[in-house]
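Data from final34.txt: compact mmCIF, C-alpha atoms (C1' of nucleotides)
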# COMPACT_ATOMS: atom_id res chain seq x y z
CA MET A 505 51.62 -67.92 -63.13
CA PRO A 506 50.06 -68.64 -66.49
CA ASP A 507 47.85 -71.19 -64.75
CA LEU A 508 46.18 -68.47 -62.73
CA ASP A 509 45.76 -66.52 -65.94
CA ARG A 510 43.77 -69.31 -67.49
CA THR A 511 41.86 -70.13 -64.35
CA PHE A 512 40.68 -66.57 -63.82
CA ALA A 513 39.99 -66.16 -67.53
CA ALA A 514 37.94 -69.35 -67.50
CA LEU A 515 35.92 -68.02 -64.59
CA SER A 516 35.35 -64.62 -66.20
CA ASP A 517 32.36 -65.85 -68.16
CA ASN A 518 28.89 -66.23 -66.72
CA THR A 519 28.08 -69.31 -68.79
CA ARG A 520 31.23 -71.04 -67.63
CA ARG A 521 30.63 -70.17 -64.00
CA ALA A 522 27.15 -71.65 -64.36
CA ILE A 523 28.69 -74.80 -65.80
CA VAL A 524 31.08 -74.97 -62.88
CA ALA A 525 28.18 -74.51 -60.46
CA ARG A 526 26.31 -77.28 -62.18
CA LEU A 527 29.28 -79.64 -62.10
CA ALA A 528 29.77 -79.02 -58.41
CA GLY A 529 26.59 -81.10 -58.08
CA GLY A 530 28.24 -84.03 -59.81
CA GLU A 531 29.41 -85.16 -63.23
CA ALA A 532 27.24 -84.43 -66.25
CA PRO A 533 27.24 -85.14 -69.98
CA LEU A 534 27.94 -82.23 -72.30
CA SER A 535 24.43 -82.24 -73.71
CA ASP A 536 22.96 -81.96 -70.21
CA LEU A 537 25.26 -79.04 -69.53
CA ALA A 538 24.16 -77.36 -72.74
CA GLU A 539 20.46 -77.80 -72.17
CA PRO A 540 19.80 -74.72 -69.95
CA PHE A 541 21.57 -72.34 -72.32
CA ALA A 542 20.14 -70.52 -75.28
CA MET A 543 23.10 -71.31 -77.47
CA SER A 544 24.32 -74.05 -79.73
CA LEU A 545 25.90 -77.22 -78.43
CA THR A 546 29.04 -76.20 -80.27
CA ALA A 547 29.24 -73.00 -78.21
CA VAL A 548 28.86 -74.91 -74.96
CA SER A 549 31.40 -77.41 -76.15
CA LYS A 550 33.84 -74.54 -76.67
CA HIS A 551 33.16 -73.22 -73.18
CA VAL A 552 33.82 -76.63 -71.74
CA ARG A 553 37.03 -76.82 -73.70
CA VAL A 554 38.13 -73.52 -72.15
CA LEU A 555 37.38 -74.94 -68.71
CA SER A 556 39.18 -78.12 -69.64
CA ASP A 557 42.23 -76.26 -70.97
CA ALA A 558 42.33 -74.38 -67.69
CA GLY A 559 42.24 -77.71 -65.87
CA LEU A 560 38.96 -76.96 -64.16
CA VAL A 561 37.07 -79.73 -65.87
CA ARG A 562 38.03 -83.25 -66.83
CA ILE A 563 36.28 -84.87 -69.77
CA THR A 564 35.86 -88.62 -69.93
CA LYS A 565 34.35 -90.33 -72.92
CA ARG A 566 32.05 -93.22 -72.19
CA GLY A 567 30.26 -94.52 -75.23
CA ARG A 568 29.21 -91.61 -77.35
CA THR A 569 28.79 -89.16 -74.52
CA ARG A 570 31.41 -86.99 -72.86
CA TYR A 571 31.07 -86.78 -69.11
CA CYS A 572 32.45 -83.68 -67.44
CA THR A 573 33.67 -83.52 -63.87
CA LEU A 574 34.89 -80.59 -61.86
CA GLU A 575 38.56 -80.55 -61.03
CA ALA A 576 39.38 -79.00 -57.68
CA THR A 577 42.98 -77.87 -57.69
CA PRO A 578 43.01 -74.83 -60.00
CA MET A 579 40.02 -73.31 -58.25
CA LYS A 580 41.73 -73.80 -54.95
CA ASP A 581 44.81 -72.04 -56.31
CA ALA A 582 42.70 -69.10 -57.45
CA ALA A 583 40.92 -68.97 -54.10
CA ASP A 584 44.26 -69.11 -52.31
CA TRP A 585 45.55 -66.20 -54.37
CA LEU A 586 42.52 -64.12 -53.46
CA GLU A 587 42.66 -65.24 -49.88
CA ASP A 588 45.99 -63.47 -49.47
CA TYR A 589 44.08 -60.21 -49.73
CA ARG A 590 41.38 -61.06 -47.25
CA THR A 591 43.06 -59.23 -44.40
CA PHE A 592 43.36 -56.25 -46.71
CA TRP A 593 39.71 -55.99 -47.65
CA GLU A 594 38.54 -56.88 -44.19
CA GLY A 595 40.57 -53.97 -42.91
CA GLN A 596 39.22 -51.71 -45.59
CA LEU A 597 35.62 -52.67 -45.03
CA GLU A 598 36.14 -52.24 -41.33
CA SER A 599 37.44 -48.74 -41.90
CA LEU A 600 34.36 -48.09 -43.98
CA ALA A 601 32.17 -49.38 -41.19
CA ARG A 602 33.91 -47.14 -38.69
CA TYR A 603 33.55 -44.21 -41.02
CA LEU A 604 29.83 -44.82 -41.46
CA GLU A 605 29.54 -45.23 -37.73
CA GLU A 606 31.10 -41.85 -37.08
CA GLU A 607 28.98 -40.17 -39.69
CA ASN A 608 25.80 -40.63 -37.65
CA MET B 1068 26.79 -61.24 -62.58
CA PRO B 1069 28.60 -59.06 -65.07
CA ASP B 1070 30.60 -57.65 -62.15
CA LEU B 1071 32.15 -61.03 -61.50
CA ASP B 1072 32.88 -61.25 -65.22
CA ARG B 1073 34.93 -58.12 -65.11
CA THR B 1074 36.57 -58.90 -61.80
CA PHE B 1075 37.77 -62.31 -62.90
CA ALA B 1076 38.77 -60.95 -66.30
CA ALA B 1077 40.76 -58.20 -64.63
CA LEU B 1078 42.55 -60.78 -62.51
CA SER B 1079 43.30 -63.06 -65.45
CA ASP B 1080 46.42 -61.14 -66.37
CA ASN B 1081 49.74 -61.55 -64.66
CA THR B 1082 50.68 -57.89 -64.97
CA ARG B 1083 47.42 -56.80 -63.41
CA ARG B 1084 47.74 -59.28 -60.55
CA ALA B 1085 51.21 -57.89 -59.91
CA ILE B 1086 49.75 -54.40 -59.84
CA VAL B 1087 47.11 -55.54 -57.36
CA ALA B 1088 49.81 -57.14 -55.22
CA ARG B 1089 51.77 -53.95 -55.29
CA LEU B 1090 48.77 -51.82 -54.37
CA ALA B 1091 48.00 -54.06 -51.44
CA GLY B 1092 51.07 -52.47 -49.93
CA GLY B 1093 49.54 -49.03 -50.24
CA GLU B 1094 48.68 -46.42 -52.81
CA ALA B 1095 51.09 -45.72 -55.64
CA PRO B 1096 51.40 -43.38 -58.61
CA LEU B 1097 50.96 -44.86 -62.06
CA SER B 1098 54.59 -44.31 -63.00
CA ASP B 1099 55.75 -46.22 -59.92
CA LEU B 1100 53.43 -49.04 -60.88
CA ALA B 1101 54.81 -49.07 -64.39
CA GLU B 1102 58.46 -49.06 -63.40
CA PRO B 1103 58.96 -52.82 -62.80
CA PHE B 1104 57.43 -53.80 -66.14
CA ALA B 1105 59.14 -54.06 -69.48
CA MET B 1106 56.37 -52.28 -71.30
CA SER B 1107 55.31 -48.76 -72.13
CA LEU B 1108 53.60 -46.52 -69.64
CA THR B 1109 50.62 -46.46 -71.97
CA ALA B 1110 50.29 -50.24 -71.67
CA VAL B 1111 50.36 -50.07 -67.88
CA SER B 1112 47.90 -47.20 -67.98
CA LYS B 1113 45.54 -49.44 -69.95
CA HIS B 1114 45.95 -52.25 -67.44
CA VAL B 1115 45.12 -49.87 -64.63
CA ARG B 1116 42.08 -48.73 -66.54
CA VAL B 1117 40.89 -52.32 -66.81
CA LEU B 1118 41.32 -52.68 -63.05
CA SER B 1119 39.58 -49.40 -62.52
CA ASP B 1120 36.66 -50.34 -64.80
CA ALA B 1121 36.32 -53.53 -62.80
CA GLY B 1122 36.20 -51.45 -59.64
CA LEU B 1123 39.35 -52.98 -58.21
CA VAL B 1124 41.33 -49.78 -58.29
CA ARG B 1125 40.41 -46.20 -57.57
CA ILE B 1126 42.37 -43.44 -59.26
CA THR B 1127 42.76 -40.06 -57.65
CA LYS B 1128 44.49 -37.22 -59.37
CA ARG B 1129 46.68 -35.04 -57.19
CA GLY B 1130 48.70 -32.53 -59.11
CA ARG B 1131 50.00 -34.16 -62.23
CA THR B 1132 50.21 -37.67 -60.86
CA ARG B 1133 47.48 -40.29 -60.59
CA TYR B 1134 47.49 -42.22 -57.37
CA CYS B 1135 46.01 -45.68 -57.44
CA THR B 1136 44.49 -47.44 -54.47
CA LEU B 1137 43.17 -50.95 -54.17
CA GLU B 1138 39.43 -51.28 -53.78
CA ALA B 1139 38.37 -54.22 -51.64
CA THR B 1140 34.79 -55.12 -52.42
CA PRO B 1141 34.99 -56.72 -55.88
CA MET B 1142 37.83 -58.97 -54.80
CA LYS B 1143 35.83 -60.02 -51.82
CA ASP B 1144 32.92 -60.88 -54.10
CA ALA B 1145 35.17 -63.00 -56.28
CA ALA B 1146 36.65 -64.71 -53.24
CA ASP B 1147 33.18 -65.34 -51.89
CA TRP B 1148 32.13 -66.92 -55.16
CA LEU B 1149 35.10 -69.26 -55.07
CA GLU B 1150 34.64 -69.93 -51.40
CA ASP B 1151 31.33 -71.63 -52.15
CA TYR B 1152 33.34 -74.43 -53.72
CA ARG B 1153 35.80 -74.86 -50.91
CA THR B 1154 33.91 -77.78 -49.40
CA PHE B 1155 33.88 -79.33 -52.85
CA TRP B 1156 37.61 -79.19 -53.48
CA GLU B 1157 38.46 -80.05 -49.91
CA GLY B 1158 36.40 -83.19 -50.33
CA GLN B 1159 38.05 -83.96 -53.62
CA LEU B 1160 41.56 -83.42 -52.36
CA GLU B 1161 40.73 -85.50 -49.33
CA SER B 1162 39.57 -88.33 -51.58
CA LEU B 1163 42.83 -88.00 -53.46
CA ALA B 1164 44.77 -88.14 -50.21
CA ARG B 1165 42.89 -91.27 -49.15
CA TYR B 1166 43.53 -92.82 -52.53
CA LEU B 1167 47.24 -92.12 -52.35
CA GLU B 1168 47.24 -93.49 -48.81
CA GLU B 1169 45.71 -96.76 -49.93
CA GLU B 1170 48.07 -97.08 -52.85
CA ASN B 1171 51.06 -97.69 -50.60
C1' DA C 101 21.37 -101.89 -92.47
C1' DG C 102 19.62 -97.58 -91.25
C1' DC C 103 18.51 -93.79 -88.40
C1' DA C 104 18.96 -90.93 -84.32
C1' DT C 105 22.08 -89.20 -80.73
C1' DA C 106 26.37 -86.95 -79.02
C1' DG C 107 29.69 -84.47 -80.18
C1' DT C 108 33.79 -82.45 -82.98
C1' DC C 109 35.89 -79.73 -86.73
C1' DA C 110 36.37 -76.00 -89.92
C1' DA C 111 35.22 -71.71 -91.53
C1' DC C 112 33.51 -67.48 -90.70
C1' DC C 113 32.04 -62.99 -88.15
C1' DA C 114 32.23 -59.34 -84.71
C1' DT C 115 34.21 -57.69 -80.81
C1' DA C 116 37.74 -57.25 -77.30
C1' DC C 117 42.46 -57.24 -75.58
C1' DA C 118 47.57 -56.57 -75.16
C1' DG C 119 50.81 -54.15 -76.98
C1' DT C 120 53.10 -50.44 -79.82
C1' DT C 121 54.12 -45.37 -81.37
C1' DC C 122 53.30 -40.65 -81.67
C1' DA C 123 51.10 -36.58 -80.60
C1' DG C 124 48.79 -33.88 -77.18
C1' DT C 125 47.29 -32.00 -72.34
C1' DG C 126 48.12 -30.44 -67.87
C1' DT C 127 51.11 -29.54 -63.96
C1' DC C 128 55.36 -28.55 -61.41
C1' DA C 129 59.81 -26.31 -61.08
C1' DA C 130 63.83 -23.13 -62.37
C1' DT D 165 58.47 -18.85 -69.93
C1' DT D 166 60.64 -22.73 -70.92
C1' DG D 167 61.23 -27.27 -70.22
C1' DA D 168 60.64 -31.58 -67.94
C1' DC D 169 57.32 -34.81 -65.92
C1' DA D 170 53.01 -37.59 -65.68
C1' DC D 171 50.19 -38.94 -67.93
C1' DT D 172 45.90 -39.61 -71.81
C1' DG D 173 44.12 -40.29 -76.56
C1' DA D 174 44.14 -41.96 -81.16
C1' DA D 175 45.47 -45.06 -84.51
C1' DC D 176 47.32 -49.32 -85.68
C1' DT D 177 48.74 -54.52 -85.28
C1' DG D 178 48.12 -59.20 -83.97
C1' DT D 179 45.74 -62.49 -81.46
C1' DA D 180 41.91 -64.34 -78.57
C1' DT D 181 36.99 -64.90 -77.51
C1' DG D 182 32.11 -65.87 -78.11
C1' DG D 183 29.07 -66.96 -81.16
C1' DT D 184 27.11 -68.93 -85.60
C1' DT D 185 26.31 -72.69 -89.39
C1' DG D 186 27.17 -76.84 -91.92
C1' DA D 187 29.54 -80.99 -92.64
C1' DC D 188 31.55 -84.82 -90.53
C1' DT D 189 32.62 -88.94 -87.09
C1' DA D 190 31.34 -92.19 -83.90
C1' DT D 191 28.21 -94.71 -81.06
C1' DG D 192 23.81 -96.80 -79.81
C1' DC D 193 19.13 -98.63 -80.91
C1' DT D 194 15.94 -101.32 -83.62

Rewrite the structure from the file as structure tokens, please.
Amino acid sequence: MPDLDRTFAALSDNTRRAIVARLAGGEAPLSDLAEPFAMSLTAVSKHVRVLSDAGLVRITKRGRTRYCTLEATPMKDAADWLEDYRTFWEGQLESLARYLEEEN
Amino acid sequence: MPDLDRTFAALSDNTRRAIVARLAGGEAPLSDLAEPFAMSLTAVSKHVRVLSDAGLVRITKRGRTRYCTLEATPMKDAADWLEDYRTFWEGQLESLARYLEEEN
DNA sequence: AGCATAGTCAACCATACAGTTCAGTGTCAA
DNA sequence: TTGACACTGAACTGTATGGTTGACTATGCT
């Protein structure tokens, strides 16, 4: 699953997760995306390219600006992968709860 | 959220996801974990360290073998982060479904 | 035509990562 | 006590990542 590789890798950076969060609110031009960050536009552009390579963001050029939109599917795939372990961690956290319970 | 950074980074490798999958079935010694992979034990040991640094795996030494167990919480955090976007991608995939519907 | 805006490209730097090999440590078993 | 087993550590290689700057392209505005 090299797709999952790239999806998780894309999400392993705080800046990129912030970009994703921002794009969940709707499409935005690159320069708008870059504005909140204390780094060059080039750097943000690279981050967006990583997201785009991972298929999480689609870039459409209108005039001189690039509009970015969030792409759902890869994130769903990642969530689905994690979801398979939900029962596991729910069980584990429940055990923890029981353990803490008994400790009192 | 540097924790999420490390969690997602840890999950961005196929080998490590396979290790996680394996550990979901119960604790296992390092050498058992390494066995299915066409790489050195050292390499697997490094992978496990990455998982351990990210808090996804706990290593307990009994005798000369290291037993690895899956640790729930960080994966839950990652899943929770992704879960926030579920409504988003469900909406988007629904739009896609409607679009495909209308195309016929 | 001329300038500002939006962004890419190329080159560079430092750090991290995935993998190797080889040598070493610690533990169990005969 | 000798040897096998289960690792870890150190050193090295190649490649990726996150960031910079400076030059360039392309579009829009006046």

Could the residues of chain B that have an atom at most 8 Å from chain A be listed as a tab-separated table, each with its closest atom pair and the distance in Å to one decimal, counting only C-alpha atoms and ordered by chain and ascending residue number?
residue	atom	partner	partner_atom	distance
B:Met1068	CA	A:Asn518	CA	6.8
B:Pro1069	CA	A:Asn518	CA	7.4
B:Leu1071	CA	A:Ser516	CA	6.7
B:Asp1072	CA	A:Ser516	CA	4.3
B:Arg1073	CA	A:Ser516	CA	6.6
B:Thr1074	CA	A:Ser516	CA	7.3
B:Phe1075	CA	A:Ser516	CA	4.7
B:Ala1076	CA	A:Ser516	CA	5.0
B:Leu1078	CA	A:Phe512	CA	6.2
B:Ser1079	CA	A:Asp509	CA	4.3
B:Asp1080	CA	A:Asp509	CA	5.4
B:Asn1081	CA	A:Asp509	CA	6.5
B:Ala1091	CA	A:Phe592	CA	7.0
B:Glu1138	CA	A:Trp593	CA	7.7
B:Ala1139	CA	A:Trp593	CA	4.6
B:Thr1140	CA	A:Trp593	CA	6.9
B:Met1142	CA	A:Leu586	CA	7.1
B:Lys1143	CA	A:Trp593	CA	7.0
B:Ala1145	CA	A:Leu586	CA	8.0
B:Ala1146	CA	A:Leu586	CA	5.9
B:Leu1149	CA	A:Ala583	CA	5.9
B:Glu1150	CA	A:Ala583	CA	6.9
B:Tyr1152	CA	A:Ala528	CA	7.5
B:Arg1153	CA	A:Lys580	CA	7.3
B:Phe1155	CA	A:Ala528	CA	6.9
B:Trp1156	CA	A:Ala576	CA	4.6
B:Glu1157	CA	A:Ala576	CA	7.9
B:Gln1159	CA	A:Ala576	CA	6.5
B:Leu1160	CA	A:Ala576	CA	7.3

Mind doing a quick least-squares superposition of chain B onto chain A, all C-alpha atoms paired one-to-one in order, and writing it out as a PDB file with C-alpha atoms, keeping the file's coordinate frame?
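Result written to selection.pdb:
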ATOM      1  CA  MET B1068      51.656 -67.879 -63.133  1.00  0.00           C
ATOM      2  CA  PRO B1069      50.107 -68.622 -66.491  1.00  0.00           C
ATOM      3  CA  ASP B1070      47.906 -71.189 -64.735  1.00  0.00           C
ATOM      4  CA  LEU B1071      46.232 -68.468 -62.724  1.00  0.00           C
ATOM      5  CA  ASP B1072      45.805 -66.535 -65.964  1.00  0.00           C
ATOM      6  CA  ARG B1073      43.824 -69.321 -67.489  1.00  0.00           C
ATOM      7  CA  THR B1074      41.900 -70.136 -64.344  1.00  0.00           C
ATOM      8  CA  PHE B1075      40.718 -66.583 -63.834  1.00  0.00           C
ATOM      9  CA  ALA B1076      40.032 -66.193 -67.547  1.00  0.00           C
ATOM     10  CA  ALA B1077      37.974 -69.367 -67.514  1.00  0.00           C
ATOM     11  CA  LEU B1078      35.958 -68.032 -64.597  1.00  0.00           C
ATOM     12  CA  SER B1079      35.401 -64.635 -66.196  1.00  0.00           C
ATOM     13  CA  ASP B1080      32.411 -65.853 -68.157  1.00  0.00           C
ATOM     14  CA  ASN B1081      28.954 -66.222 -66.735  1.00  0.00           C
ATOM     15  CA  THR B1082      28.125 -69.303 -68.783  1.00  0.00           C
ATOM     16  CA  ARG B1083      31.270 -71.051 -67.641  1.00  0.00           C
ATOM     17  CA  ARG B1084      30.660 -70.175 -63.995  1.00  0.00           C
ATOM     18  CA  ALA B1085      27.181 -71.640 -64.364  1.00  0.00           C
ATOM     19  CA  ILE B1086      28.709 -74.790 -65.799  1.00  0.00           C
ATOM     20  CA  VAL B1087      31.110 -74.979 -62.863  1.00  0.00           C
ATOM     21  CA  ALA B1088      28.207 -74.505 -60.458  1.00  0.00           C
ATOM     22  CA  ARG B1089      26.332 -77.262 -62.162  1.00  0.00           C
ATOM     23  CA  LEU B1090      29.294 -79.630 -62.088  1.00  0.00           C
ATOM     24  CA  ALA B1091      29.770 -79.019 -58.401  1.00  0.00           C
ATOM     25  CA  GLY B1092      26.623 -81.072 -58.061  1.00  0.00           C
ATOM     26  CA  GLY B1093      28.250 -84.003 -59.802  1.00  0.00           C
ATOM     27  CA  GLU B1094      29.377 -85.139 -63.207  1.00  0.00           C
ATOM     28  CA  ALA B1095      27.224 -84.402 -66.229  1.00  0.00           C
ATOM     29  CA  PRO B1096      27.212 -85.092 -69.960  1.00  0.00           C
ATOM     30  CA  LEU B1097      27.901 -82.189 -72.280  1.00  0.00           C
ATOM     31  CA  SER B1098      24.373 -82.174 -73.667  1.00  0.00           C
ATOM     32  CA  ASP B1099      22.921 -81.890 -70.161  1.00  0.00           C
ATOM     33  CA  LEU B1100      25.248 -78.989 -69.507  1.00  0.00           C
ATOM     34  CA  ALA B1101      24.161 -77.309 -72.704  1.00  0.00           C
ATOM     35  CA  GLU B1102      20.443 -77.711 -72.140  1.00  0.00           C
ATOM     36  CA  PRO B1103      19.811 -74.649 -69.909  1.00  0.00           C
ATOM     37  CA  PHE B1104      21.588 -72.260 -72.274  1.00  0.00           C
ATOM     38  CA  ALA B1105      20.153 -70.450 -75.242  1.00  0.00           C
ATOM     39  CA  MET B1106      23.102 -71.233 -77.442  1.00  0.00           C
ATOM     40  CA  SER B1107      24.306 -73.985 -79.718  1.00  0.00           C
ATOM     41  CA  LEU B1108      25.856 -77.155 -78.417  1.00  0.00           C
ATOM     42  CA  THR B1109      29.018 -76.182 -80.252  1.00  0.00           C
ATOM     43  CA  ALA B1110      29.237 -72.979 -78.208  1.00  0.00           C
ATOM     44  CA  VAL B1111      28.859 -74.886 -74.949  1.00  0.00           C
ATOM     45  CA  SER B1112      31.383 -77.427 -76.163  1.00  0.00           C
ATOM     46  CA  LYS B1113      33.846 -74.572 -76.666  1.00  0.00           C
ATOM     47  CA  HIS B1114      33.168 -73.239 -73.183  1.00  0.00           C
ATOM     48  CA  VAL B1115      33.818 -76.666 -71.739  1.00  0.00           C
ATOM     49  CA  ARG B1116      37.029 -76.845 -73.699  1.00  0.00           C
ATOM     50  CA  VAL B1117      38.156 -73.562 -72.174  1.00  0.00           C
ATOM     51  CA  LEU B1118      37.411 -74.979 -68.726  1.00  0.00           C
ATOM     52  CA  SER B1119      39.175 -78.162 -69.634  1.00  0.00           C
ATOM     53  CA  ASP B1120      42.250 -76.325 -70.966  1.00  0.00           C
ATOM     54  CA  ALA B1121      42.353 -74.433 -67.695  1.00  0.00           C
ATOM     55  CA  GLY B1122      42.259 -77.743 -65.862  1.00  0.00           C
ATOM     56  CA  LEU B1123      38.969 -76.994 -64.153  1.00  0.00           C
ATOM     57  CA  VAL B1124      37.075 -79.755 -65.872  1.00  0.00           C
ATOM     58  CA  ARG B1125      38.013 -83.277 -66.820  1.00  0.00           C
ATOM     59  CA  ILE B1126      36.261 -84.902 -69.753  1.00  0.00           C
ATOM     60  CA  THR B1127      35.817 -88.635 -69.932  1.00  0.00           C
ATOM     61  CA  LYS B1128      34.298 -90.322 -72.910  1.00  0.00           C
ATOM     62  CA  ARG B1129      31.986 -93.224 -72.180  1.00  0.00           C
ATOM     63  CA  GLY B1130      30.188 -94.520 -75.206  1.00  0.00           C
ATOM     64  CA  ARG B1131      29.112 -91.605 -77.310  1.00  0.00           C
ATOM     65  CA  THR B1132      28.711 -89.128 -74.492  1.00  0.00           C
ATOM     66  CA  ARG B1133      31.350 -86.982 -72.812  1.00  0.00           C
ATOM     67  CA  TYR B1134      31.032 -86.766 -69.078  1.00  0.00           C
ATOM     68  CA  CYS B1135      32.434 -83.695 -67.412  1.00  0.00           C
ATOM     69  CA  THR B1136      33.665 -83.542 -63.850  1.00  0.00           C
ATOM     70  CA  LEU B1137      34.877 -80.596 -61.848  1.00  0.00           C
ATOM     71  CA  GLU B1138      38.563 -80.552 -61.040  1.00  0.00           C
ATOM     72  CA  ALA B1139      39.377 -78.960 -57.701  1.00  0.00           C
ATOM     73  CA  THR B1140      42.988 -77.866 -57.674  1.00  0.00           C
ATOM     74  CA  PRO B1141      43.037 -74.841 -60.001  1.00  0.00           C
ATOM     75  CA  MET B1142      40.068 -73.297 -58.242  1.00  0.00           C
ATOM     76  CA  LYS B1143      41.792 -73.785 -54.960  1.00  0.00           C
ATOM     77  CA  ASP B1144      44.860 -72.019 -56.330  1.00  0.00           C
ATOM     78  CA  ALA B1145      42.749 -69.089 -57.458  1.00  0.00           C
ATOM     79  CA  ALA B1146      40.986 -68.958 -54.106  1.00  0.00           C
ATOM     80  CA  ASP B1147      44.318 -69.089 -52.335  1.00  0.00           C
ATOM     81  CA  TRP B1148      45.598 -66.192 -54.399  1.00  0.00           C
ATOM     82  CA  LEU B1149      42.578 -64.107 -53.482  1.00  0.00           C
ATOM     83  CA  GLU B1150      42.720 -65.224 -49.896  1.00  0.00           C
ATOM     84  CA  ASP B1151      46.041 -63.430 -49.494  1.00  0.00           C
ATOM     85  CA  TYR B1152      44.104 -60.186 -49.748  1.00  0.00           C
ATOM     86  CA  ARG B1153      41.413 -61.063 -47.275  1.00  0.00           C
ATOM     87  CA  THR B1154      43.106 -59.211 -44.432  1.00  0.00           C
ATOM     88  CA  PHE B1155      43.384 -56.239 -46.754  1.00  0.00           C
ATOM     89  CA  TRP B1156      39.723 -56.003 -47.685  1.00  0.00           C
ATOM     90  CA  GLU B1157      38.563 -56.881 -44.208  1.00  0.00           C
ATOM     91  CA  GLY B1158      40.579 -53.943 -42.952  1.00  0.00           C
ATOM     92  CA  GLN B1159      39.189 -51.705 -45.634  1.00  0.00           C
ATOM     93  CA  LEU B1160      35.600 -52.703 -45.065  1.00  0.00           C
ATOM     94  CA  GLU B1161      36.131 -52.281 -41.359  1.00  0.00           C
ATOM     95  CA  SER B1162      37.408 -48.752 -41.935  1.00  0.00           C
ATOM     96  CA  LEU B1163      34.322 -48.113 -44.018  1.00  0.00           C
ATOM     97  CA  ALA B1164      32.118 -49.461 -41.248  1.00  0.00           C
ATOM     98  CA  ARG B1165      33.834 -47.215 -38.705  1.00  0.00           C
ATOM     99  CA  TYR B1166      33.439 -44.263 -41.022  1.00  0.00           C
ATOM    100  CA  LEU B1167      29.744 -44.898 -41.496  1.00  0.00           C
ATOM    101  CA  GLU B1168      29.422 -45.327 -37.738  1.00  0.00           C
ATOM    102  CA  GLU B1169      30.965 -41.939 -37.083  1.00  0.00           C
ATOM    103  CA  GLU B1170      28.846 -40.258 -39.707  1.00  0.00           C
ATOM    104  CA  ASN B1171      25.668 -40.707 -37.688  1.00  0.00           C
TER     105      ASN B1171
END

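Candidate residues D:DT165, D:DT189, D:DT194, D:DT184 were compared for distance to C:DA101, and the nearest is D:DT194, using all atoms listed in the file.
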
Return the neighbours of chain C among the residues of chain A, cut-off 10 Å, counting only C-alpha atoms (C1' of nucleotides), as number ranges by chain. A: 533-535, 545-546, 549, 567-570

Quick one: which residues from chain D are at most 9 Å off chain A, using only C-alpha atoms (C1' of nucleotides), as an MDAnalysis selection string? chainID D and resid 182:184 190:192

d(atom CA of B:Arg1116, atom CA of B:Thr1082) in Å: 12.7 Å

Show which residues sit within 6 Å of A:Arg562, as a ChimeraX atom specification. Count all atoms listed in the file, and ignore same-chain residues fewer than 2 positions away. /A:556,572-573

Pairwise distance for atom CA of B:Val1124 and atom CA of B:Leu1090, rounded to one decimal in Å: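 We find that atom CA of B:Val1124 and atom CA of B:Leu1090 lie 8.7 Å from each other.
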
By how many Å are atom CA of B:Leu1100 and atom CA of B:Val1117 apart?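 Spanning atom CA of B:Leu1100 to atom CA of B:Val1117 is a straight-line distance of 14.3 Å.
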